[in-house]
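Participant: Here it is, the structure, as structure tokens.
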Amino acid sequence: MTDQPEFYPMPSFPTLAVRDPDASARWYREALGFSTVFAMPGLVHLRWAKYADLLLRAAKDTGEKKGIGVRLSYTVAEGLDALADRARAAGALFVQEPGDRPWNARDFTVADPDGFALTFTMGPLKRDVSFESVIAKTK
């Protein structure tokens, strides 16, 4: 018996228009560890974690650039650097290398094959620091 993905109503989820949903889905699985919930011609439903789903649909060839101004963000409980290493080994293009940020988090950003940016964040790094003090330091 194989594990079946859990189906539940999604409060919100992004849908990205990509050149090749199957190839993009393979990249998301191999580079970032997403899993496939279901696939049909021209559409792939992926899951990063519960309530963190993503739909990839076939783009119409309009010649427009994709991914400009779009950034998807995912929270990682642990293993952020291992995930970055996995993405790097799969040939991911890093938009921003892993690093500690002034907002008390560690993150990195990669671009998918269609140019959509994905940021993976882990934090807070210092649990004894209040949100207010972090915000005050960034002003």
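Residue numbering restarts at 1 in every chain; chains get A, B, ... in the order shown in the structure tokens, and ligands count up from 1 in that same order.
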Neighbouring residues of Ala117 (chain A) were defined as those with any atom within 10 Å, considering only C-alpha atoms; residues of the same chain fewer than 3 positions away were excluded. Please report them as a list in words.
Facilitator: Gly67, Ile68, Gly69, Val70, Arg71, Leu72, Ser73, Leu93, Phe94, Val95, Gln96, Thr109, Val110, Ala111, Asp112, Pro113 and Asp114 of chain A
Participant: Counting only C-alpha atoms, what is within 12 Å of Lys50 (chain A), bar same-chain residues fewer than 5 positions away, as a PyMOL selection string?
Facilitator: chain A and resi 5-13+34-35+37+74-75
Participant: State, in Å with one decimal place, the distance from CA of Phe120 (chain A) to CA of Met40 (chain A).
Facilitator: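 So the two atoms, CA of Phe120 (chain A) and CA of Met40 (chain A), lie 27.4 Å apart.
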Participant: Could you check the closest approach to Met122 (chain A) for each of A:Ala77, A:Leu43, A:Leu32, A:Ala25 and tell me which residue wins, using only C-alpha atoms?
Facilitator: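 Closest to Met122 (chain A) of all the choices is A:Ala77.
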Participant: Tell me which protein, DNA and RNA residues are within 7 Å of region 134-138 of chain A, counting only C-alpha atoms, leaving out same-chain ones fewer than 6 positions away, and put them as a PyMOL selection string.
Facilitator: chain A and resi 102-104
Participant: Hey, can you spit out that residue selection with N, CA, C and O atoms as a PDB file, in the first residue's frame?
Facilitator:
ATOM      1  N   PRO A 102      18.426  40.556   9.062  1.00  0.00           N
ATOM      2  CA  PRO A 102      18.177  41.438  10.207  1.00  0.00           C
ATOM      3  C   PRO A 102      16.819  41.202  10.871  1.00  0.00           C
ATOM      4  O   PRO A 102      16.614  41.611  12.004  1.00  0.00           O
ATOM      5  N   TRP A 103      15.905  40.553  10.187  1.00  0.00           N
ATOM      6  CA  TRP A 103      14.573  40.303  10.763  1.00  0.00           C
ATOM      7  C   TRP A 103      14.522  39.007  11.555  1.00  0.00           C
ATOM      8  O   TRP A 103      13.467  38.422  11.749  1.00  0.00           O
ATOM      9  N   ASN A 104      15.699  38.538  12.006  1.00  0.00           N
ATOM     10  CA  ASN A 104      15.816  37.389  12.913  1.00  0.00           C
ATOM     11  C   ASN A 104      15.432  36.078  12.231  1.00  0.00           C
ATOM     12  O   ASN A 104      14.795  35.216  12.828  1.00  0.00           O
TER      13      ASN A 104
END
Participant: Identify, on the basis of only C-alpha atoms, every residue whose closest approach to Thr121 (chain A) does not exceed 7 Å; exclude the query and any residue fewer than 4 positions from it along the same chain; express the result as a PyMOL selection string.
Facilitator: chain A and resi 74-76+105-108
Participant: Return the single residue from A:Ala31, A:Thr15, A:Ser24, A:Ala84 that is closest to Ala52 (chain A), with distances computed using only C-alpha atoms.
Facilitator: A:Thr15
Participant: Can you pull out every residue from chain A that DSSP, working from the backbone, puts in alpha helix (DSSP H), and format the result as a VMD selection string?
Facilitator: chain A and resid 21 to 32 80 to 89 131 to 138
Participant: Using only C-alpha atoms, which residues sit within 6 Å of Arg57 (chain A) once same-chain residues fewer than 2 positions away are excluded, as a PyMOL selection string?
Facilitator: chain A and resi 17+21+42-43
Participant: So, with only C-alpha atoms as the atoms that count, which of A:Arg29, A:Glu97, A:Asp61, A:His45 lies closest to Asp85 (chain A)?
Facilitator: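 Of all the options, A:Glu97 lies closest to Asp85 (chain A).
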Participant: Which residue out of A:Leu80, A:Ala89, A:Thr36, A:Ala58 has the minimum interatomic distance to Gln4 (chain A) when only C-alpha atoms are used?
Facilitator: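 Using only C-alpha atoms, the shortest distance to Gln4 (chain A) belongs to A:Thr36.
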